[in-house]
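Contents: one structure, followed by commentary.
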Amino acid sequence: MDRQHHSILREIPSVNDCIDWLVAAGSLDDIPLQRLKFCVRRYLATLRESILADGEAGTLLADRQRLLGEMTDFVRQYHRPRMRRVINGTGVIVHTNLGRSLLPAAAMDMLESVGRSYANLELDLETGKRGSRYHHVEGLLCELTGAEAALVVNNNAAAVLLALETLASAREVIVSRGQLVEIGGSFRIPDIMRRSGARLVEVGTTNRTHLRDYQQALTGDTGLLLRVHCSNYRIIGFTSEVSNAALVRLGKDHGIPVMEDLGSGCLIDLSRFGLTKEPTVQDAVASGMDVVTFSGDKLLGGPQAGILVGRKHYIDRIKSNPLNRALRIDKLTLAALESVLRLYLDESQALRQIPTLALIALPAEVLAERARDLCERCRALLVDHAVFTVQPTWSQVGGGAMPEQNLASWAVAVAPVAMKISLLENRLRQAAIPVIGRVESDRLLFDLRTIAADEIEALLASLQTTLVIDKESASEDRG
Ligand SMILES: *Cc1c(COP(=O)(O)O)cnc(C)c1O
């Protein structure tokens with residue numbers, strides 16, 4: 001570092017001076033003073049570093065207006081809420097990084113009502129006695145799935161852990177080798193098994209497992225037969241799996257419970273939308289499974305939750321496990337879940353009002369029309385800055401469900417005239433309302449399936465602020 005850089009550093013104003021200037025300017029009046037000080041300190045530290053790295057940054061110190069302008073922008077950026085709405089142009093409907101399922105309007109109304117007020121979470125309004133929080137959804141879940149009993153916890157990973165710990169701690173659990181799944185976020189069947197205290201007994205081979213494999217593995221220590229749905233992968237070719245019916249019969253013959261982790265947990269057969277039939281929760285219950293576990297926010301289209309349904313005898317044992325208290329569901333989630341489940345009482349209503357299902361059901365023709373409209377509006381606004389085209393594409397269900405299946409869809413593709421695609425992607429992600437797209441052969445695609453009609457204006461605004469930048473900062477960014 002040379003002497004010149006050092007002398008520039010001495011010109012960096014003090015935190016207090018900066019605060020005085022900013023307060024006098026008045027444009028950050030809404031920011032608490034503590035926060036303002038914190039941000040200014042951060043800004044000055046970064047400025048110091050960039051001066052040390054490159055003397056050029058020091059020119060800012062000679063222009064107080066510009067310095068205060070940059071500082072104000074920094075404070076504004078920093079003070080934005082960390083969690084914000086995002087426009088999902090990826091076409092992945094249950095996008096784990098973008099919060100999985102969207103909630104229906106009915107659920108949002110319930111959240112509002114139950115969040116603002118006290119609620120009968122654990123009060124039986126008829127008797128005035130203490131009630132159970134699970135009571136609010138247990139009846140509905142039984143009615144919808146045909147199960148004898150039900151329980152809800154924080155998420156499906158918790159549901160599986162809790163069931164294993166209750167039914168098979170210090171005992172053996174038999175699972176087919178082909179079903180030892182890893183879900184994103186490091187949920188792996190062998191690991192969760194270990195944490196539950198159960199001992200994993202793998203049977204069969206990766207592609208083929210037979211009933212005799214399970215039979216031969218049975219010992220006096222066997223606590224559970226487990227089937228795991230291959231949510232996010234497929235084994236194809238020379239394959240063989242034991243049917244639920246055969247597994248259930250084996251369990252019955254030996255007095256051992258049988259459980260299925262369905263993962264996504266769909267209540268409606270979606271094959272009518274061109275997707276291959278996934279086993280529904282009703283199918284799993286009807287097959288005689290003693291316990292079935294699934295997520296609330298994958299194909300069910302509700303809030304994050306883990307749902308267990310099955311035989312009363314086993315569900316009651318799981319309910320009274322002390323670990324359940326640590327994994328329990330909160331009142332807001334419960335309120336949202338109840339309203340989503342109520343929509344399922346009328347299937348056509350569920351398909352219309354539950355966003356996850358409605359988005360799957362959107363026909364490609366409708367999306368083509370929306371893509372053409374969006375493309376025209378983009379051209380009208382930004383013709384000098386990018387080339388916009390309409391193109392067919394494929395949407396995905398996501399959330400680790402139906403990995404090999406695509407839904408025909410339409411997208412608007414953006415090819416900027418003077419900006420790298422990675423820069424456009426980067427800037428859109430950091431816009432006031434961030435837009436997440438998909439890069440494909442040097443163009444940024446927005447799949448219309450996951451973009452709501454009332455998000456179009458915001459998308460155009462974000463595109464405009466992102467694509468239209470002055471020449472100077474464009475060349476800086478590109479450098
Ligand atoms: C997604 C999934 C889980 C985990 O569910 P979360 O709700 O994400 O906790 C467990 N098992 C299977 C088979 C899954 O697909």
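Going through the structure tokens in order, the chains are called A, B, and so on, while each chain numbers its residues from 1 and the ligands are numbered from 1 in the order shown.
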Residues within 8 Å of ligand 1 (only C-alpha atoms and all ligand atoms), as a PDB file with N, CA and C atoms, in the first residue's frame?
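Generated output (out-v1.pdb):
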```
ATOM      1  N   ASN A 154     -44.467 -30.043  12.614  1.00  0.00           N
ATOM      2  CA  ASN A 154     -43.809 -28.937  11.931  1.00  0.00           C
ATOM      3  C   ASN A 154     -43.534 -29.147  10.438  1.00  0.00           C
ATOM      4  N   ASN A 155     -43.040 -30.312  10.066  1.00  0.00           N
ATOM      5  CA  ASN A 155     -42.862 -30.626   8.638  1.00  0.00           C
ATOM      6  C   ASN A 155     -42.788 -32.140   8.471  1.00  0.00           C
ATOM      7  N   ASN A 156     -42.655 -32.609   7.244  1.00  0.00           N
ATOM      8  CA  ASN A 156     -42.697 -34.053   7.034  1.00  0.00           C
ATOM      9  C   ASN A 156     -41.447 -34.745   7.573  1.00  0.00           C
ATOM     10  N   ALA A 157     -40.305 -34.051   7.537  1.00  0.00           N
ATOM     11  CA  ALA A 157     -39.091 -34.626   8.114  1.00  0.00           C
ATOM     12  C   ALA A 157     -39.342 -34.920   9.596  1.00  0.00           C
ATOM     13  N   ALA A 158     -40.006 -33.992  10.284  1.00  0.00           N
ATOM     14  CA  ALA A 158     -40.328 -34.182  11.696  1.00  0.00           C
ATOM     15  C   ALA A 158     -41.321 -35.334  11.871  1.00  0.00           C
ATOM     16  N   ALA A 159     -42.262 -35.442  10.943  1.00  0.00           N
ATOM     17  CA  ALA A 159     -43.265 -36.513  11.022  1.00  0.00           C
ATOM     18  C   ALA A 159     -42.591 -37.878  10.945  1.00  0.00           C
ATOM     19  N   VAL A 160     -41.635 -38.021  10.014  1.00  0.00           N
ATOM     20  CA  VAL A 160     -40.935 -39.293   9.838  1.00  0.00           C
ATOM     21  C   VAL A 160     -40.084 -39.592  11.074  1.00  0.00           C
ATOM     22  N   VAL A 181     -33.853 -42.628   0.024  1.00  0.00           N
ATOM     23  CA  VAL A 181     -33.839 -41.347  -0.664  1.00  0.00           C
ATOM     24  C   VAL A 181     -33.109 -40.245   0.122  1.00  0.00           C
ATOM     25  N   ILE A 183     -33.527 -36.145   0.218  1.00  0.00           N
ATOM     26  CA  ILE A 183     -34.281 -34.975  -0.239  1.00  0.00           C
ATOM     27  C   ILE A 183     -33.379 -33.770  -0.025  1.00  0.00           C
ATOM     28  N   GLY A 184     -33.560 -32.713  -0.786  1.00  0.00           N
ATOM     29  CA  GLY A 184     -32.765 -31.492  -0.593  1.00  0.00           C
ATOM     30  C   GLY A 184     -32.807 -31.041   0.857  1.00  0.00           C
ATOM     31  N   PHE A 187     -32.074 -34.091   4.158  1.00  0.00           N
ATOM     32  CA  PHE A 187     -32.940 -35.114   4.745  1.00  0.00           C
ATOM     33  C   PHE A 187     -32.620 -36.416   4.026  1.00  0.00           C
ATOM     34  N   ILE A 189     -32.839 -40.713   4.454  1.00  0.00           N
ATOM     35  CA  ILE A 189     -33.479 -41.763   5.244  1.00  0.00           C
ATOM     36  C   ILE A 189     -32.492 -42.434   6.222  1.00  0.00           C
ATOM     37  N   VAL A 228     -40.694 -45.953   1.426  1.00  0.00           N
ATOM     38  CA  VAL A 228     -40.458 -44.523   1.181  1.00  0.00           C
ATOM     39  C   VAL A 228     -40.728 -44.254  -0.289  1.00  0.00           C
ATOM     40  N   HIS A 229     -41.527 -43.227  -0.546  1.00  0.00           N
ATOM     41  CA  HIS A 229     -41.824 -42.890  -1.934  1.00  0.00           C
ATOM     42  C   HIS A 229     -40.593 -42.256  -2.582  1.00  0.00           C
ATOM     43  N   CYS A 230     -40.231 -42.733  -3.790  1.00  0.00           N
ATOM     44  CA  CYS A 230     -39.080 -42.162  -4.511  1.00  0.00           C
ATOM     45  C   CYS A 230     -39.520 -40.840  -5.096  1.00  0.00           C
ATOM     46  N   SER A 231     -39.611 -39.799  -4.247  1.00  0.00           N
ATOM     47  CA  SER A 231     -40.163 -38.516  -4.700  1.00  0.00           C
ATOM     48  C   SER A 231     -39.392 -37.940  -5.867  1.00  0.00           C
ATOM     49  N   ASN A 232     -38.068 -37.812  -5.683  1.00  0.00           N
ATOM     50  CA  ASN A 232     -37.300 -36.980  -6.606  1.00  0.00           C
ATOM     51  C   ASN A 232     -36.402 -37.772  -7.547  1.00  0.00           C
ATOM     52  N   ASP A 261     -43.810 -43.370   3.878  1.00  0.00           N
ATOM     53  CA  ASP A 261     -43.519 -41.939   3.781  1.00  0.00           C
ATOM     54  C   ASP A 261     -43.792 -41.538   2.338  1.00  0.00           C
ATOM     55  N   LEU A 262     -44.912 -40.830   2.157  1.00  0.00           N
ATOM     56  CA  LEU A 262     -45.346 -40.484   0.791  1.00  0.00           C
ATOM     57  C   LEU A 262     -44.610 -39.274   0.231  1.00  0.00           C
ATOM     58  N   GLY A 263     -44.002 -38.481   1.117  1.00  0.00           N
ATOM     59  CA  GLY A 263     -43.341 -37.270   0.642  1.00  0.00           C
ATOM     60  C   GLY A 263     -44.363 -36.208   0.289  1.00  0.00           C
ATOM     61  N   SER A 264     -44.752 -36.175  -0.975  1.00  0.00           N
ATOM     62  CA  SER A 264     -45.582 -35.081  -1.433  1.00  0.00           C
ATOM     63  C   SER A 264     -47.024 -35.124  -0.941  1.00  0.00           C
ATOM     64  N   PHE A 294     -46.820 -37.300   5.136  1.00  0.00           N
ATOM     65  CA  PHE A 294     -46.651 -36.454   3.937  1.00  0.00           C
ATOM     66  C   PHE A 294     -46.536 -34.985   4.328  1.00  0.00           C
ATOM     67  N   SER A 295     -46.108 -34.168   3.347  1.00  0.00           N
ATOM     68  CA  SER A 295     -45.886 -32.738   3.561  1.00  0.00           C
ATOM     69  C   SER A 295     -47.175 -31.938   3.395  1.00  0.00           C
ATOM     70  N   GLY A 296     -47.240 -30.797   4.070  1.00  0.00           N
ATOM     71  CA  GLY A 296     -48.382 -29.905   3.890  1.00  0.00           C
ATOM     72  C   GLY A 296     -48.177 -28.930   2.746  1.00  0.00           C
ATOM     73  N   ASP A 297     -46.903 -28.677   2.366  1.00  0.00           N
ATOM     74  CA  ASP A 297     -46.662 -27.591   1.410  1.00  0.00           C
ATOM     75  C   ASP A 297     -46.103 -28.059   0.074  1.00  0.00           C
ATOM     76  N   LYS A 298     -46.189 -29.338  -0.207  1.00  0.00           N
ATOM     77  CA  LYS A 298     -45.831 -29.785  -1.555  1.00  0.00           C
ATOM     78  C   LYS A 298     -47.123 -29.842  -2.375  1.00  0.00           C
ATOM     79  N   GLN A 304     -46.245 -25.036   5.363  1.00  0.00           N
ATOM     80  CA  GLN A 304     -45.275 -26.050   5.781  1.00  0.00           C
ATOM     81  C   GLN A 304     -45.824 -26.812   6.981  1.00  0.00           C
ATOM     82  N   ALA A 305     -45.925 -28.116   6.830  1.00  0.00           N
ATOM     83  CA  ALA A 305     -46.426 -28.958   7.914  1.00  0.00           C
ATOM     84  C   ALA A 305     -46.103 -30.396   7.573  1.00  0.00           C
ATOM     85  N   GLY A 306     -46.082 -31.248   8.594  1.00  0.00           N
ATOM     86  CA  GLY A 306     -45.937 -32.680   8.377  1.00  0.00           C
ATOM     87  C   GLY A 306     -47.205 -33.342   8.873  1.00  0.00           C
ATOM     88  N   GLY A 399     -40.569 -29.248  -5.939  1.00  0.00           N
ATOM     89  CA  GLY A 399     -40.692 -29.760  -4.575  1.00  0.00           C
ATOM     90  C   GLY A 399     -40.296 -31.214  -4.467  1.00  0.00           C
ATOM     91  N   GLY A 400     -39.445 -31.655  -5.392  1.00  0.00           N
ATOM     92  CA  GLY A 400     -39.019 -33.045  -5.357  1.00  0.00           C
ATOM     93  C   GLY A 400     -40.127 -34.003  -5.763  1.00  0.00           C
ATOM     94  N   ALA A 401     -41.196 -33.470  -6.375  1.00  0.00           N
ATOM     95  CA  ALA A 401     -42.280 -34.357  -6.801  1.00  0.00           C
ATOM     96  C   ALA A 401     -42.245 -34.514  -8.320  1.00  0.00           C
TER      97      ALA A 401
END
```
Counting only C-alpha atoms, what are the residues of stretch 276-332 of chain A within 10 Å of stretch 130-141 of chain A, and for each of them which pair of atoms is the nearest and at what distance in Å, to one decimal? Sort the table by chain and rising number, as JSON lines.
```
{"residue": "A:Ile307", "atom": "CA", "partner": "A:Leu141", "partner_atom": "CA", "distance": 8.9}
{"residue": "A:Leu308", "atom": "CA", "partner": "A:Leu141", "partner_atom": "CA", "distance": 9.3}
{"residue": "A:Val309", "atom": "CA", "partner": "A:Leu141", "partner_atom": "CA", "distance": 7.5}
{"residue": "A:Lys319", "atom": "CA", "partner": "A:Tyr134", "partner_atom": "CA", "distance": 9.4}
{"residue": "A:Arg328", "atom": "CA", "partner": "A:Arg133", "partner_atom": "CA", "distance": 9.5}
{"residue": "A:Ile329", "atom": "CA", "partner": "A:Arg133", "partner_atom": "CA", "distance": 8.6}
{"residue": "A:Asp330", "atom": "CA", "partner": "A:Arg133", "partner_atom": "CA", "distance": 8.9}
{"residue": "A:Lys331", "atom": "CA", "partner": "A:Arg133", "partner_atom": "CA", "distance": 8.0}
```
Review point. A:Arg194, A:Tyr344, A:Phe74, A:Ser240: which is nearest A:Glu143, counting only C-alpha atoms?
Key: A:Tyr344
**Study point:** For stretch 217-225 of chain A: contacts at 12 Å, only C-alpha atoms, fewer than 6 positions along chain excluded, given as a count of residues only
**Key:** 47
Point to revise | For atom CA of A:Arg234 and atom CA of A:Gly437, the interatomic separation in Å (one decimal) | key: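 Between atom CA of A:Arg234 and atom CA of A:Gly437 the gap is 26.8 Å.
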Could you list, as a PDB file with N, CA and C atoms, in the first residue's frame, every residue within 10 Å of A:Arg76, counting only C-alpha atoms and ignoring same-chain residues fewer than 2 positions away?
```
ATOM      1  N   SER A  27     -33.572  12.892   4.277  1.00  0.00           N
ATOM      2  CA  SER A  27     -34.200  11.892   3.407  1.00  0.00           C
ATOM      3  C   SER A  27     -34.243  10.500   4.036  1.00  0.00           C
ATOM      4  N   LEU A  28     -33.652  10.379   5.231  1.00  0.00           N
ATOM      5  CA  LEU A  28     -33.667   9.065   5.894  1.00  0.00           C
ATOM      6  C   LEU A  28     -34.349   9.156   7.261  1.00  0.00           C
ATOM      7  N   ILE A  31     -35.612   6.122   9.311  1.00  0.00           N
ATOM      8  CA  ILE A  31     -34.706   5.054   9.770  1.00  0.00           C
ATOM      9  C   ILE A  31     -34.275   5.317  11.206  1.00  0.00           C
ATOM     10  N   LEU A  36     -29.169   3.729  11.525  1.00  0.00           N
ATOM     11  CA  LEU A  36     -28.469   4.663  10.659  1.00  0.00           C
ATOM     12  C   LEU A  36     -26.968   4.627  10.967  1.00  0.00           C
ATOM     13  N   CYS A  39     -25.371   1.399   9.759  1.00  0.00           N
ATOM     14  CA  CYS A  39     -25.204   1.360   8.301  1.00  0.00           C
ATOM     15  C   CYS A  39     -24.058   2.261   7.853  1.00  0.00           C
ATOM     16  N   GLU A  70     -24.583   8.182  -2.390  1.00  0.00           N
ATOM     17  CA  GLU A  70     -24.260   6.750  -2.346  1.00  0.00           C
ATOM     18  C   GLU A  70     -24.549   6.154  -0.979  1.00  0.00           C
ATOM     19  N   MET A  71     -24.240   6.979   0.054  1.00  0.00           N
ATOM     20  CA  MET A  71     -24.475   6.497   1.411  1.00  0.00           C
ATOM     21  C   MET A  71     -25.967   6.280   1.649  1.00  0.00           C
ATOM     22  N   THR A  72     -26.772   7.214   1.151  1.00  0.00           N
ATOM     23  CA  THR A  72     -28.224   7.103   1.308  1.00  0.00           C
ATOM     24  C   THR A  72     -28.744   5.841   0.608  1.00  0.00           C
ATOM     25  N   ASP A  73     -28.259   5.599  -0.610  1.00  0.00           N
ATOM     26  CA  ASP A  73     -28.667   4.383  -1.332  1.00  0.00           C
ATOM     27  C   ASP A  73     -28.305   3.134  -0.541  1.00  0.00           C
ATOM     28  N   PHE A  74     -27.093   3.151   0.028  1.00  0.00           N
ATOM     29  CA  PHE A  74     -26.633   1.994   0.796  1.00  0.00           C
ATOM     30  C   PHE A  74     -27.554   1.740   1.999  1.00  0.00           C
ATOM     31  N   TYR A  78     -29.875  -1.475   2.634  1.00  0.00           N
ATOM     32  CA  TYR A  78     -29.623  -2.304   3.806  1.00  0.00           C
ATOM     33  C   TYR A  78     -30.862  -2.430   4.679  1.00  0.00           C
ATOM     34  N   HIS A  79     -31.665  -1.380   4.699  1.00  0.00           N
ATOM     35  CA  HIS A  79     -32.812  -1.343   5.604  1.00  0.00           C
ATOM     36  C   HIS A  79     -34.052  -2.057   5.048  1.00  0.00           C
ATOM     37  N   ARG A  80     -33.962  -2.529   3.814  1.00  0.00           N
ATOM     38  CA  ARG A  80     -35.127  -3.268   3.272  1.00  0.00           C
ATOM     39  C   ARG A  80     -35.324  -4.553   4.071  1.00  0.00           C
TER      40      ARG A  80
END
```
